[in-house]
file final_0.pdb (PDB, C-alpha atoms and all ligand atoms)
ATOM      1  CA  MET A   1      16.765  21.848 -18.937
ATOM      2  CA  GLN A   2      16.369  18.367 -20.399
ATOM      3  CA  LYS A   3      12.901  17.111 -21.268
ATOM      4  CA  ASP A   4      11.104  15.084 -18.597
ATOM      5  CA  ILE A   5      12.049  11.391 -18.568
ATOM      6  CA  ALA A   6       8.344  10.588 -18.803
ATOM      7  CA  THR A   7       7.731  12.191 -22.188
ATOM      8  CA  PRO A   8       7.030   9.404 -24.705
ATOM      9  CA  VAL A   9       9.920  10.546 -26.920
ATOM     10  CA  ARG A  10      12.536  10.644 -24.151
ATOM     11  CA  THR A  11      11.322   7.326 -22.689
ATOM     12  CA  GLN A  12      11.696   5.682 -26.115
ATOM     13  CA  GLU A  13      15.181   7.158 -26.462
ATOM     14  CA  ILE A  14      16.254   5.833 -23.054
ATOM     15  CA  LEU A  15      14.806   2.357 -23.675
ATOM     16  CA  LYS A  16      16.547   2.211 -27.054
ATOM     17  CA  LYS A  17      19.887   3.469 -25.742
ATOM     18  CA  TYR A  18      19.994   0.661 -23.151
ATOM     19  CA  GLY A  19      18.247  -1.983 -25.248
ATOM     20  CA  PHE A  20      15.783  -2.358 -22.395
ATOM     21  CA  SER A  21      12.973  -4.908 -22.693
ATOM     22  CA  PHE A  22      10.067  -4.836 -20.240
ATOM     23  CA  LYS A  23       9.631  -7.708 -17.820
ATOM     24  CA  LYS A  24       5.968  -8.394 -17.306
ATOM     25  CA  SER A  25       6.797 -10.577 -14.306
ATOM     26  CA  LEU A  26       8.172  -7.474 -12.512
ATOM     27  CA  GLY A  27       5.073  -5.392 -13.219
ATOM     28  CA  GLN A  28       6.999  -3.009 -15.447
ATOM     29  CA  ASN A  29       4.523  -0.479 -16.810
ATOM     30  CA  PHE A  30       6.276   2.874 -17.000
ATOM     31  CA  LEU A  31       4.501   6.219 -16.866
ATOM     32  CA  ILE A  32       4.820   8.343 -19.982
ATOM     33  CA  ASP A  33       2.758  11.387 -19.005
ATOM     34  CA  PRO A  34       4.393  14.230 -17.052
ATOM     35  CA  ASN A  35       0.972  15.666 -16.135
ATOM     36  CA  ILE A  36      -0.015  12.508 -14.265
ATOM     37  CA  LEU A  37       3.327  12.572 -12.461
ATOM     38  CA  ARG A  38       2.870  16.211 -11.440
ATOM     39  CA  ASN A  39      -0.564  15.301 -10.138
ATOM     40  CA  ILE A  40       0.720  12.351  -8.120
ATOM     41  CA  VAL A  41       3.472  14.444  -6.565
ATOM     42  CA  ALA A  42       1.040  17.291  -5.805
ATOM     43  CA  HIS A  43      -1.101  14.853  -3.808
ATOM     44  CA  ALA A  44       1.955  13.958  -1.707
ATOM     45  CA  GLU A  45       2.297  17.620  -0.587
ATOM     46  CA  LEU A  46       6.089  17.504  -0.339
ATOM     47  CA  THR A  47       8.450  20.320   0.550
ATOM     48  CA  LYS A  48      12.236  20.471   0.624
ATOM     49  CA  ASP A  49      11.924  19.474   4.302
ATOM     50  CA  SER A  50      10.231  16.197   3.288
ATOM     51  CA  ALA A  51      11.674  12.923   2.109
ATOM     52  CA  ALA A  52      10.076  10.446  -0.264
ATOM     53  CA  ILE A  53      10.426   6.682  -0.417
ATOM     54  CA  GLU A  54       9.736   5.236  -3.852
ATOM     55  CA  ILE A  55       9.232   1.587  -4.732
ATOM     56  CA  GLY A  56      10.263   0.669  -8.265
ATOM     57  CA  PRO A  57      11.743   3.781  -9.921
ATOM     58  CA  GLY A  58      11.903   2.081 -13.342
ATOM     59  CA  ILE A  59      13.817   4.544 -15.537
ATOM     60  CA  GLY A  60      13.178   7.386 -13.088
ATOM     61  CA  ALA A  61       9.986   8.979 -14.456
ATOM     62  CA  LEU A  62       8.423   9.602 -11.047
ATOM     63  CA  THR A  63      11.751   9.767  -9.228
ATOM     64  CA  GLU A  64      12.808  12.964 -10.958
ATOM     65  CA  HIS A  65       9.551  14.702 -10.053
ATOM     66  CA  LEU A  66      10.048  13.603  -6.455
ATOM     67  CA  ALA A  67      13.657  14.815  -6.515
ATOM     68  CA  ARG A  68      12.462  18.260  -7.597
ATOM     69  CA  ALA A  69       9.789  18.460  -4.894
ATOM     70  CA  ALA A  70      11.423  16.766  -1.884
ATOM     71  CA  GLY A  71      14.646  17.179   0.065
ATOM     72  CA  LYS A  72      15.602  13.572  -0.425
ATOM     73  CA  VAL A  73      14.405  10.481  -2.300
ATOM     74  CA  VAL A  74      15.246   6.859  -1.528
ATOM     75  CA  ALA A  75      14.103   4.503  -4.291
ATOM     76  CA  PHE A  76      14.078   0.690  -4.095
ATOM     77  CA  GLU A  77      14.508  -1.106  -7.420
ATOM     78  CA  ILE A  78      14.664  -4.881  -7.814
ATOM     79  CA  ASP A  79      15.778  -5.006 -11.473
ATOM     80  CA  GLN A  80      19.551  -4.792 -11.748
ATOM     81  CA  ARG A  81      19.316  -3.862 -15.454
ATOM     82  CA  LEU A  82      17.795  -0.524 -14.440
ATOM     83  CA  LEU A  83      20.681   0.577 -12.205
ATOM     84  CA  PRO A  84      22.922   1.961 -14.982
ATOM     85  CA  VAL A  85      19.872   3.553 -16.604
ATOM     86  CA  LEU A  86      18.927   5.315 -13.373
ATOM     87  CA  ALA A  87      22.519   6.422 -12.756
ATOM     88  CA  ASP A  88      22.310   8.128 -16.133
ATOM     89  CA  THR A  89      18.775   9.562 -16.118
ATOM     90  CA  LEU A  90      18.946  10.801 -12.528
ATOM     91  CA  SER A  91      22.447  12.255 -12.764
ATOM     92  CA  PRO A  92      21.109  15.862 -12.639
ATOM     93  CA  TYR A  93      19.709  15.192  -9.136
ATOM     94  CA  ASP A  94      22.047  14.863  -6.172
ATOM     95  CA  ASN A  95      19.303  14.117  -3.650
ATOM     96  CA  VAL A  96      18.318  10.657  -4.910
ATOM     97  CA  GLU A  97      19.593   7.357  -3.627
ATOM     98  CA  VAL A  98      18.699   4.154  -5.454
ATOM     99  CA  VAL A  99      18.774   0.992  -3.360
ATOM    100  CA  HIS A 100      19.069  -2.218  -5.354
ATOM    101  CA  SER A 101      16.691  -4.456  -3.437
ATOM    102  CA  ASP A 102      13.405  -6.284  -3.436
ATOM    103  CA  ILE A 103      11.284  -4.025  -1.228
ATOM    104  CA  LEU A 104       9.773  -7.104   0.406
ATOM    105  CA  GLU A 105      13.227  -8.249   1.533
ATOM    106  CA  ALA A 106      14.594  -4.826   2.445
ATOM    107  CA  ASP A 107      15.159  -3.723   6.025
ATOM    108  CA  VAL A 108      13.273  -0.489   5.461
ATOM    109  CA  LYS A 109      13.384   0.418   9.153
ATOM    110  CA  GLN A 110      17.171   0.310   9.105
ATOM    111  CA  ILE A 111      17.344   2.308   5.886
ATOM    112  CA  PHE A 112      15.036   4.844   7.506
ATOM    113  CA  ALA A 113      17.396   5.159  10.451
ATOM    114  CA  ASP A 114      20.492   5.368   8.228
ATOM    115  CA  LYS A 115      19.293   7.654   5.476
ATOM    116  CA  LEU A 116      16.176   9.523   6.560
ATOM    117  CA  GLU A 117      16.789  10.199  10.214
ATOM    118  CA  SER A 118      16.924  13.966   9.775
ATOM    119  CA  TYR A 119      13.547  14.086   7.980
ATOM    120  CA  LYS A 120      10.462  14.527  10.137
ATOM    121  CA  ASP A 121       8.128  14.326   7.177
ATOM    122  CA  VAL A 122       8.335  11.196   5.031
ATOM    123  CA  MET A 123       5.915  10.018   2.343
ATOM    124  CA  VAL A 124       5.843   6.816   0.320
ATOM    125  CA  VAL A 125       5.139   7.712  -3.311
ATOM    126  CA  ALA A 126       5.119   5.058  -6.011
ATOM    127  CA  ASN A 127       3.685   3.583  -9.146
ATOM    128  CA  LEU A 128       3.620   0.118  -7.630
ATOM    129  CA  PRO A 129       4.418  -3.168  -9.362
ATOM    130  CA  TYR A 130       0.848  -4.513  -9.446
ATOM    131  CA  TYR A 131       1.719  -8.161  -8.829
ATOM    132  CA  VAL A 132       2.816  -7.315  -5.275
ATOM    133  CA  THR A 133       0.651  -4.296  -4.376
ATOM    134  CA  THR A 134      -0.918  -5.794  -1.264
ATOM    135  CA  PRO A 135       2.225  -7.400   0.250
ATOM    136  CA  ILE A 136       4.132  -4.126  -0.231
ATOM    137  CA  LEU A 137       1.462  -1.999   1.442
ATOM    138  CA  LEU A 138       1.009  -4.434   4.322
ATOM    139  CA  LYS A 139       4.763  -4.734   4.847
ATOM    140  CA  LEU A 140       5.217  -0.955   4.992
ATOM    141  CA  LEU A 141       2.314  -0.609   7.428
ATOM    142  CA  MET A 142       3.283  -3.569   9.637
ATOM    143  CA  ASP A 143       6.855  -2.245   9.824
ATOM    144  CA  ARG A 144       5.215   0.712  11.566
ATOM    145  CA  LEU A 145       7.431   3.222   9.809
ATOM    146  CA  PRO A 146       7.094   6.823  10.939
ATOM    147  CA  ILE A 147       5.592   8.013   7.645
ATOM    148  CA  ARG A 148       2.924  10.685   7.130
ATOM    149  CA  GLY A 149       1.250   8.614   4.461
ATOM    150  CA  MET A 150       1.406   7.245   0.950
ATOM    151  CA  VAL A 151       0.366   8.255  -2.545
ATOM    152  CA  VAL A 152       0.432   5.110  -4.625
ATOM    153  CA  MET A 153      -0.741   3.895  -8.012
ATOM    154  CA  MET A 154      -2.230   0.412  -8.157
ATOM    155  CA  GLN A 155      -4.844  -1.625  -9.980
ATOM    156  CA  LYS A 156      -8.235   0.037  -9.516
ATOM    157  CA  GLU A 157      -9.811  -3.121  -8.159
ATOM    158  CA  VAL A 158      -7.376  -3.146  -5.208
ATOM    159  CA  ALA A 159      -7.792   0.620  -4.728
ATOM    160  CA  ASP A 160     -11.541   0.038  -4.429
ATOM    161  CA  ARG A 161     -11.036  -2.658  -1.797
ATOM    162  CA  ILE A 162      -8.614  -0.551   0.221
ATOM    163  CA  THR A 163     -10.904   2.483   0.310
ATOM    164  CA  ALA A 164     -14.182   0.551   0.698
ATOM    165  CA  LYS A 165     -16.738   1.388   3.380
ATOM    166  CA  PRO A 166     -18.642  -1.201   5.461
ATOM    167  CA  GLY A 167     -21.688  -2.690   3.777
ATOM    168  CA  THR A 168     -20.188  -2.600   0.293
ATOM    169  CA  LYS A 169     -19.056  -5.498  -1.874
ATOM    170  CA  ALA A 170     -15.430  -4.348  -1.938
ATOM    171  CA  TYR A 171     -15.165  -4.067   1.873
ATOM    172  CA  GLY A 172     -13.069  -6.766   3.501
ATOM    173  CA  SER A 173     -10.061  -7.571   5.656
ATOM    174  CA  LEU A 174      -7.755  -5.517   3.389
ATOM    175  CA  SER A 175      -9.933  -2.410   3.906
ATOM    176  CA  ILE A 176      -9.682  -2.978   7.652
ATOM    177  CA  ALA A 177      -5.927  -3.664   7.749
ATOM    178  CA  ILE A 178      -5.199  -0.436   5.869
ATOM    179  CA  GLN A 179      -7.905   1.808   7.328
ATOM    180  CA  TYR A 180      -6.861   0.847  10.843
ATOM    181  CA  TYR A 181      -3.614   2.772  10.240
ATOM    182  CA  MET A 182      -4.537   5.253   7.559
ATOM    183  CA  LYS A 183      -7.371   7.327   6.170
ATOM    184  CA  ALA A 184      -7.798   5.974   2.645
ATOM    185  CA  GLU A 185      -9.165   7.809  -0.380
ATOM    186  CA  VAL A 186      -8.997   7.458  -4.151
ATOM    187  CA  ALA A 187      -7.061  10.469  -5.464
ATOM    188  CA  MET A 188      -7.542   9.783  -9.170
ATOM    189  CA  ILE A 189      -8.486   7.190 -11.744
ATOM    190  CA  VAL A 190      -5.775   6.799 -14.342
ATOM    191  CA  PRO A 191      -6.297   5.886 -18.010
ATOM    192  CA  LYS A 192      -4.283   3.021 -19.533
ATOM    193  CA  ALA A 193      -2.867   5.291 -22.230
ATOM    194  CA  VAL A 194      -0.397   6.943 -19.821
ATOM    195  CA  PHE A 195       1.610   3.719 -19.414
ATOM    196  CA  MET A 196       4.159   1.957 -21.574
ATOM    197  CA  PRO A 197       3.319  -0.849 -22.113
ATOM    198  CA  GLN A 198      -0.350  -0.430 -21.214
ATOM    199  CA  PRO A 199      -1.469  -2.679 -18.336
ATOM    200  CA  ASN A 200      -4.398  -5.072 -18.774
ATOM    201  CA  VAL A 201      -6.256  -3.657 -15.776
ATOM    202  CA  GLU A 202      -7.639  -0.263 -14.778
ATOM    203  CA  SER A 203      -5.478   1.882 -12.489
ATOM    204  CA  ALA A 204      -6.041   4.342  -9.679
ATOM    205  CA  VAL A 205      -3.927   6.431  -7.340
ATOM    206  CA  ILE A 206      -4.864   6.309  -3.699
ATOM    207  CA  LYS A 207      -3.850   8.621  -0.920
ATOM    208  CA  LEU A 208      -3.311   7.210   2.562
ATOM    209  CA  THR A 209      -2.924   9.546   5.533
ATOM    210  CA  ARG A 210      -1.860   8.233   8.917
ATOM    211  CA  HIS A 211      -4.471   8.631  11.675
ATOM    212  CA  GLU A 212      -3.328  10.654  14.658
ATOM    213  CA  GLU A 213      -5.070   8.004  16.735
ATOM    214  CA  PRO A 214      -6.266   4.628  15.436
ATOM    215  CA  PRO A 215     -10.066   4.460  15.023
ATOM    216  CA  VAL A 216     -10.177   1.982  17.913
ATOM    217  CA  HIS A 217      -7.676   0.995  20.600
ATOM    218  CA  VAL A 218      -7.202  -2.759  20.919
ATOM    219  CA  ILE A 219      -5.267  -5.131  23.183
ATOM    220  CA  ASP A 220      -3.507  -6.806  20.270
ATOM    221  CA  GLU A 221      -3.516  -5.448  16.687
ATOM    222  CA  ASP A 222      -2.516  -8.784  15.162
ATOM    223  CA  PHE A 223      -5.466 -10.453  16.863
ATOM    224  CA  LEU A 224      -7.801  -7.752  15.487
ATOM    225  CA  PHE A 225      -6.572  -8.579  11.973
ATOM    226  CA  LYS A 226      -6.942 -12.311  12.659
ATOM    227  CA  VAL A 227     -10.565 -11.803  13.717
ATOM    228  CA  SER A 228     -11.335  -9.583  10.732
ATOM    229  CA  ARG A 229      -9.685 -11.979   8.251
ATOM    230  CA  GLY A 230     -11.518 -14.877   9.875
ATOM    231  CA  SER A 231     -14.845 -13.058   9.525
ATOM    232  CA  PHE A 232     -14.514 -12.848   5.743
ATOM    233  CA  VAL A 233     -13.326 -16.388   4.964
ATOM    234  CA  GLN A 234     -16.693 -17.118   3.401
ATOM    235  CA  ARG A 235     -18.270 -13.780   2.630
ATOM    236  CA  ARG A 236     -21.811 -15.074   2.413
ATOM    237  CA  LYS A 237     -21.705 -16.751   5.803
ATOM    238  CA  THR A 238     -22.706 -15.150   9.086
ATOM    239  CA  ILE A 239     -20.079 -13.848  11.448
ATOM    240  CA  ILE A 240     -20.717 -16.616  13.975
ATOM    241  CA  ASN A 241     -20.222 -19.312  11.335
ATOM    242  CA  ASN A 242     -17.039 -17.744  10.026
ATOM    243  CA  LEU A 243     -15.539 -17.210  13.485
ATOM    244  CA  GLN A 244     -16.408 -20.734  14.558
ATOM    245  CA  SER A 245     -14.476 -22.189  11.655
ATOM    246  CA  SER A 246     -11.587 -19.709  11.610
ATOM    247  CA  LEU A 247     -10.658 -19.248  15.275
ATOM    248  CA  PRO A 248      -8.622 -22.009  16.956
ATOM    249  CA  ASN A 249     -11.021 -24.575  18.485
ATOM    250  CA  GLY A 250     -13.825 -22.247  17.395
ATOM    251  CA  LYS A 251     -16.370 -25.034  17.140
ATOM    252  CA  GLN A 252     -15.889 -26.065  20.781
ATOM    253  CA  LYS A 253     -15.874 -22.416  21.841
ATOM    254  CA  LYS A 254     -19.067 -21.461  20.021
ATOM    255  CA  GLU A 255     -20.829 -20.422  23.231
ATOM    256  CA  LEU A 256     -17.953 -18.125  24.193
ATOM    257  CA  ILE A 257     -17.971 -16.534  20.748
ATOM    258  CA  LEU A 258     -21.734 -16.023  20.957
ATOM    259  CA  GLN A 259     -21.417 -14.473  24.398
ATOM    260  CA  SER A 260     -18.687 -12.135  23.168
ATOM    261  CA  LEU A 261     -20.778 -11.042  20.196
ATOM    262  CA  GLU A 262     -23.728 -10.391  22.467
ATOM    263  CA  LYS A 263     -21.597  -8.434  24.947
ATOM    264  CA  VAL A 264     -20.459  -5.994  22.277
ATOM    265  CA  GLY A 265     -23.923  -5.764  20.727
ATOM    266  CA  ILE A 266     -23.227  -7.545  17.436
ATOM    267  CA  ASN A 267     -25.994  -9.789  16.135
ATOM    268  CA  PRO A 268     -24.342 -13.180  15.358
ATOM    269  CA  THR A 269     -26.324 -13.481  12.121
ATOM    270  CA  ARG A 270     -24.721 -10.358  10.645
ATOM    271  CA  ARG A 271     -22.090 -10.774   7.941
ATOM    272  CA  GLY A 272     -18.523  -9.603   8.398
ATOM    273  CA  GLU A 273     -18.926  -7.031   5.651
ATOM    274  CA  THR A 274     -21.408  -5.045   7.757
ATOM    275  CA  LEU A 275     -19.054  -4.502  10.709
ATOM    276  CA  THR A 276     -17.121  -1.249  11.171
ATOM    277  CA  ILE A 277     -13.479  -1.260  12.315
ATOM    278  CA  GLU A 278     -14.672  -0.025  15.726
ATOM    279  CA  GLU A 279     -16.990  -3.051  16.014
ATOM    280  CA  PHE A 280     -14.218  -5.430  14.957
ATOM    281  CA  GLY A 281     -11.974  -3.802  17.571
ATOM    282  CA  ARG A 282     -14.475  -4.217  20.393
ATOM    283  CA  LEU A 283     -15.173  -7.795  19.321
ATOM    284  CA  ALA A 284     -11.460  -8.685  19.108
ATOM    285  CA  ASP A 285     -10.850  -7.365  22.638
ATOM    286  CA  GLU A 286     -13.820  -9.321  23.978
ATOM    287  CA  LEU A 287     -12.642 -12.560  22.300
ATOM    288  CA  TYR A 288      -8.990 -12.043  23.166
ATOM    289  CA  PRO A 289      -8.898 -13.673  26.639
ATOM    290  CA  HIS A 290     -10.680 -16.767  25.301
ATOM    291  CA  PHE A 291      -8.082 -17.365  22.599
ATOM    292  CA  HIS A 292      -4.871 -16.612  24.485
TER     293      HIS A 292
HETATM  294  N1  LIG B   1       8.205   4.290 -11.289
HETATM  295  C1  LIG B   1       8.316   3.870 -12.677
HETATM  296  C2  LIG B   1       7.273   4.594 -13.499
HETATM  297  O1  LIG B   1       6.286   5.042 -12.910
HETATM  298  O2  LIG B   1       7.452   4.710 -14.719
HETATM  299  C3  LIG B   1       8.147   2.355 -12.842
HETATM  300  C4  LIG B   1       6.900   1.747 -12.232
HETATM  301  S1  LIG B   1       6.629   0.061 -12.675
HETATM  302  C5  LIG B   1       4.862  -0.023 -12.479
HETATM  303  C6  LIG B   1       7.153  -0.901 -11.245
HETATM  304  C7  LIG B   1       8.643  -0.903 -10.947
HETATM  305  O3  LIG B   1       8.863  -1.683  -9.765
HETATM  306  C8  LIG B   1       9.536  -1.518 -12.013
HETATM  307  O4  LIG B   1      10.650  -0.694 -12.193
HETATM  308  C9  LIG B   1       9.966  -2.869 -11.412
HETATM  309  O5  LIG B   1      11.224  -3.318 -11.872
HETATM  310  C10 LIG B   1       9.985  -2.543  -9.930
HETATM  311  N2  LIG B   1       9.762  -3.687  -9.026
HETATM  312  C11 LIG B   1       9.030  -4.803  -9.243
HETATM  313  N3  LIG B   1       9.017  -5.594  -8.178
HETATM  314  C12 LIG B   1       9.745  -4.962  -7.207
HETATM  315  C13 LIG B   1      10.099  -5.287  -5.865
HETATM  316  N4  LIG B   1       9.669  -6.407  -5.303
HETATM  317  N5  LIG B   1      10.891  -4.422  -5.177
HETATM  318  C14 LIG B   1      11.337  -3.279  -5.764
HETATM  319  N6  LIG B   1      11.021  -2.913  -7.034
HETATM  320  C15 LIG B   1      10.235  -3.743  -7.741
END
call {"tool": "encode", "arguments": {"input": "final_0.pdb", "output": "structure tokens"}}
result
Amino acid sequence: MQKDIATPVRTQEILKKYGFSFKKSLGQNFLIDPNILRNIVAHAELTKDSAAIEIGPGIGALTEHLARAAGKVVAFEIDQRLLPVLADTLSPYDNVEVVHSDILEADVKQIFADKLESYKDVMVVANLPYYVTTPILLKLLMDRLPIRGMVVMMQKEVADRITAKPGTKAYGSLSIAIQYYMKAEVAMIVPKAVFMPQPNVESAVIKLTRHEEPPVHVIDEDFLFKVSRGSFVQRRKTIINNLQSSLPNGKQKKELILQSLEKVGINPTRRGETLTIEEFGRLADELYPHFH
């Protein structure tokens, strides 16, 4: 069997063969450590009955590990220069499909229906391009794809925000948007030395697992996210001040907002960062009729 793509020697050979130069603007930091890749894939708990969706296969370092573990892999790559490279490096695997597309533009739902319909168990597994980590995660969640979860590498700072608990500095509307859909945990912290070129920031892999039931049932999910985003506009301000300035006509509706807070037992002088998702959910439902 050929050496793993991710060994430093083989990666160098591939880059040289194709005269490939990294594009910083596309977040191209390739993994050059097969152990890290094995670890990432182990966290995804794939079997031959599972499928994996990858964002940004690069030269195929992670893709080949996914191809070995899963029944099928669909990988979205934006950089056209990598297509001939991937056709070459992934030629030993007949269960991989590379889609040349910006993941943010792709109709992932349609691709799901076309290519992954027969798979009941689907995971997103990726070493994400860091410049678009948050938009990618939010898009995949808002598309409400029938996935079991995600195992994704990102900058540690974002991983900390996604997995943060109420009452901590890192907790905010991103923690709520993700944790509403998924249980979020840091799976591992990853040293810079396993990338080529090395990124400027620290990295971590997080594991997201879809909740059987959301932590709170709400009338309108988008309104819940609007209320939570609005509660963090100025972190140091109280929730009443933030909601007054962020909700439409909030200033005129101050009394209604105060009444709603009181009804659900939230002291208006608390800060957004102290509220749990359940509290945000109850508050959003109470405010909903006044803002629709
Ligand atoms: N998976 C490879 C690895 O681990 O070695 C490469 C990971 S690298 C951090 C990110 C990859 O995402 C690059 O291949 C880059 O070209 C690709 N990429 C960047 N922006 C993208 C986008 N919007 N949609 C799809 N792929 C993208």
call {"tool": "residues_around", "arguments": {"input": "final_0.pdb", "residues": "His292 in chain A", "least_positions_apart": "2", "cutoff": "12 Å", "atoms": "all atoms listed in the file", "output": "ChimeraX atom specification"}}
result
/A:219-220,223,247-249,284-290
call {"tool": "atom_distance", "arguments": {"input": "final_0.pdb", "atom1": "CA of Gln110 in chain A", "atom2": "CA of Leu66 in chain A"}}
result
21.7 Å
call {"tool": "residues_near_ligand", "arguments": {"input": "final_0.pdb", "ligand": "ligand LIG 1 (chain B)", "cutoff": "7 Å", "atoms": "all atoms listed in the file", "output": "ChimeraX atom specification"}}
result
/A:26-32,55-63,76-79,101-104,126-130,132
call {"tool": "atom_distance", "arguments": {"input": "final_0.pdb", "atom1": "CA of Pro197 in chain A", "atom2": "CA of Ile53 in chain A"}}
result
24.0 Å
call {"tool": "closest_residue", "arguments": {"input": "final_0.pdb", "among": "A:Phe195, A:Tyr93, A:Tyr181, A:Tyr171", "to": "His217 in chain A", "atoms": "all atoms listed in the file"}}
result
A:Tyr181
call {"tool": "resolve_selection", "arguments": {"input": "final_0.pdb", "expression": "the PyMOL selection byres (((chain A and resi 230) around 10) and not hetatm)", "output": "list in words"}}
result
Ser173, Leu224, Phe225, Lys226, Val227, Ser228, Arg229, Ser231, Phe232, Val233, Gln234, Arg235, Ile239, Asn241, Asn242, Leu243, Gln244, Ser245, Ser246, Leu247 and Gly272 of chain A
call {"tool": "write_last_selection", "arguments": {"input": "final_0.pdb", "atoms": "C-alpha atoms", "output": "mmCIF file, in the frame of the given file"}}
result
data_model
loop_
_atom_site.group_PDB
_atom_site.id
_atom_site.type_symbol
_atom_site.label_atom_id
_atom_site.label_comp_id
_atom_site.auth_asym_id
_atom_site.auth_seq_id
_atom_site.Cartn_x
_atom_site.Cartn_y
_atom_site.Cartn_z
ATOM 1 C CA SER A 173 -10.061 -7.571 5.656
ATOM 2 C CA LEU A 224 -7.801 -7.752 15.487
ATOM 3 C CA PHE A 225 -6.572 -8.579 11.973
ATOM 4 C CA LYS A 226 -6.942 -12.311 12.659
ATOM 5 C CA VAL A 227 -10.565 -11.803 13.717
ATOM 6 C CA SER A 228 -11.335 -9.583 10.732
ATOM 7 C CA ARG A 229 -9.685 -11.979 8.251
ATOM 8 C CA SER A 231 -14.845 -13.058 9.525
ATOM 9 C CA PHE A 232 -14.514 -12.848 5.743
ATOM 10 C CA VAL A 233 -13.326 -16.388 4.964
ATOM 11 C CA GLN A 234 -16.693 -17.118 3.401
ATOM 12 C CA ARG A 235 -18.270 -13.780 2.630
ATOM 13 C CA ILE A 239 -20.079 -13.848 11.448
ATOM 14 C CA ASN A 241 -20.222 -19.312 11.335
ATOM 15 C CA ASN A 242 -17.039 -17.744 10.026
ATOM 16 C CA LEU A 243 -15.539 -17.210 13.485
ATOM 17 C CA GLN A 244 -16.408 -20.734 14.558
ATOM 18 C CA SER A 245 -14.476 -22.189 11.655
ATOM 19 C CA SER A 246 -11.587 -19.709 11.610
ATOM 20 C CA LEU A 247 -10.658 -19.248 15.275
ATOM 21 C CA GLY A 272 -18.523 -9.603 8.398
#
call {"tool": "resolve_selection", "arguments": {"input": "final_0.pdb", "expression": "the PyMOL selection byres (((chain A and resi 143) around 12) and not hetatm)", "output": "number ranges by chain"}}
result
A: 104, 106-110, 112, 135-142, 144-147, 181
call {"tool": "residues_around", "arguments": {"input": "final_0.pdb", "residues": "Glu13 in chain A", "least_positions_apart": "4", "cutoff": "12 Å", "atoms": "all atoms listed in the file", "output": "mmCIF file with C-alpha atoms, in the frame of the given file"}}
result
data_model
loop_
_atom_site.group_PDB
_atom_site.id
_atom_site.type_symbol
_atom_site.label_atom_id
_atom_site.label_comp_id
_atom_site.auth_asym_id
_atom_site.auth_seq_id
_atom_site.Cartn_x
_atom_site.Cartn_y
_atom_site.Cartn_z
ATOM 1 C CA LYS A 3 12.901 17.111 -21.268
ATOM 2 C CA ASP A 4 11.104 15.084 -18.597
ATOM 3 C CA ILE A 5 12.049 11.391 -18.568
ATOM 4 C CA ALA A 6 8.344 10.588 -18.803
ATOM 5 C CA THR A 7 7.731 12.191 -22.188
ATOM 6 C CA PRO A 8 7.030 9.404 -24.705
ATOM 7 C CA VAL A 9 9.920 10.546 -26.920
ATOM 8 C CA LYS A 17 19.887 3.469 -25.742
ATOM 9 C CA TYR A 18 19.994 0.661 -23.151
ATOM 10 C CA GLY A 19 18.247 -1.983 -25.248
ATOM 11 C CA PHE A 20 15.783 -2.358 -22.395
ATOM 12 C CA ILE A 59 13.817 4.544 -15.537
ATOM 13 C CA VAL A 85 19.872 3.553 -16.604
ATOM 14 C CA THR A 89 18.775 9.562 -16.118
#
call {"tool": "atom_distance", "arguments": {"input": "final_0.pdb", "atom1": "CA of Val158 in chain A", "atom2": "CA of Thr134 in chain A"}}
result
8.0 Å
call {"tool": "closest_residue", "arguments": {"input": "final_0.pdb", "among": "A:Gly172, A:Pro191, A:Gly167, A:Gly149", "to": "Arg210 in chain A", "atoms": "all atoms listed in the file"}}
result
A:Gly149
call {"tool": "closest_residue", "arguments": {"input": "final_0.pdb", "among": "A:Lys254, A:Ile240, A:Lys120, A:Ala164", "to": "Asn267 in chain A", "atoms": "only C-alpha atoms"}}
result
A:Ile240
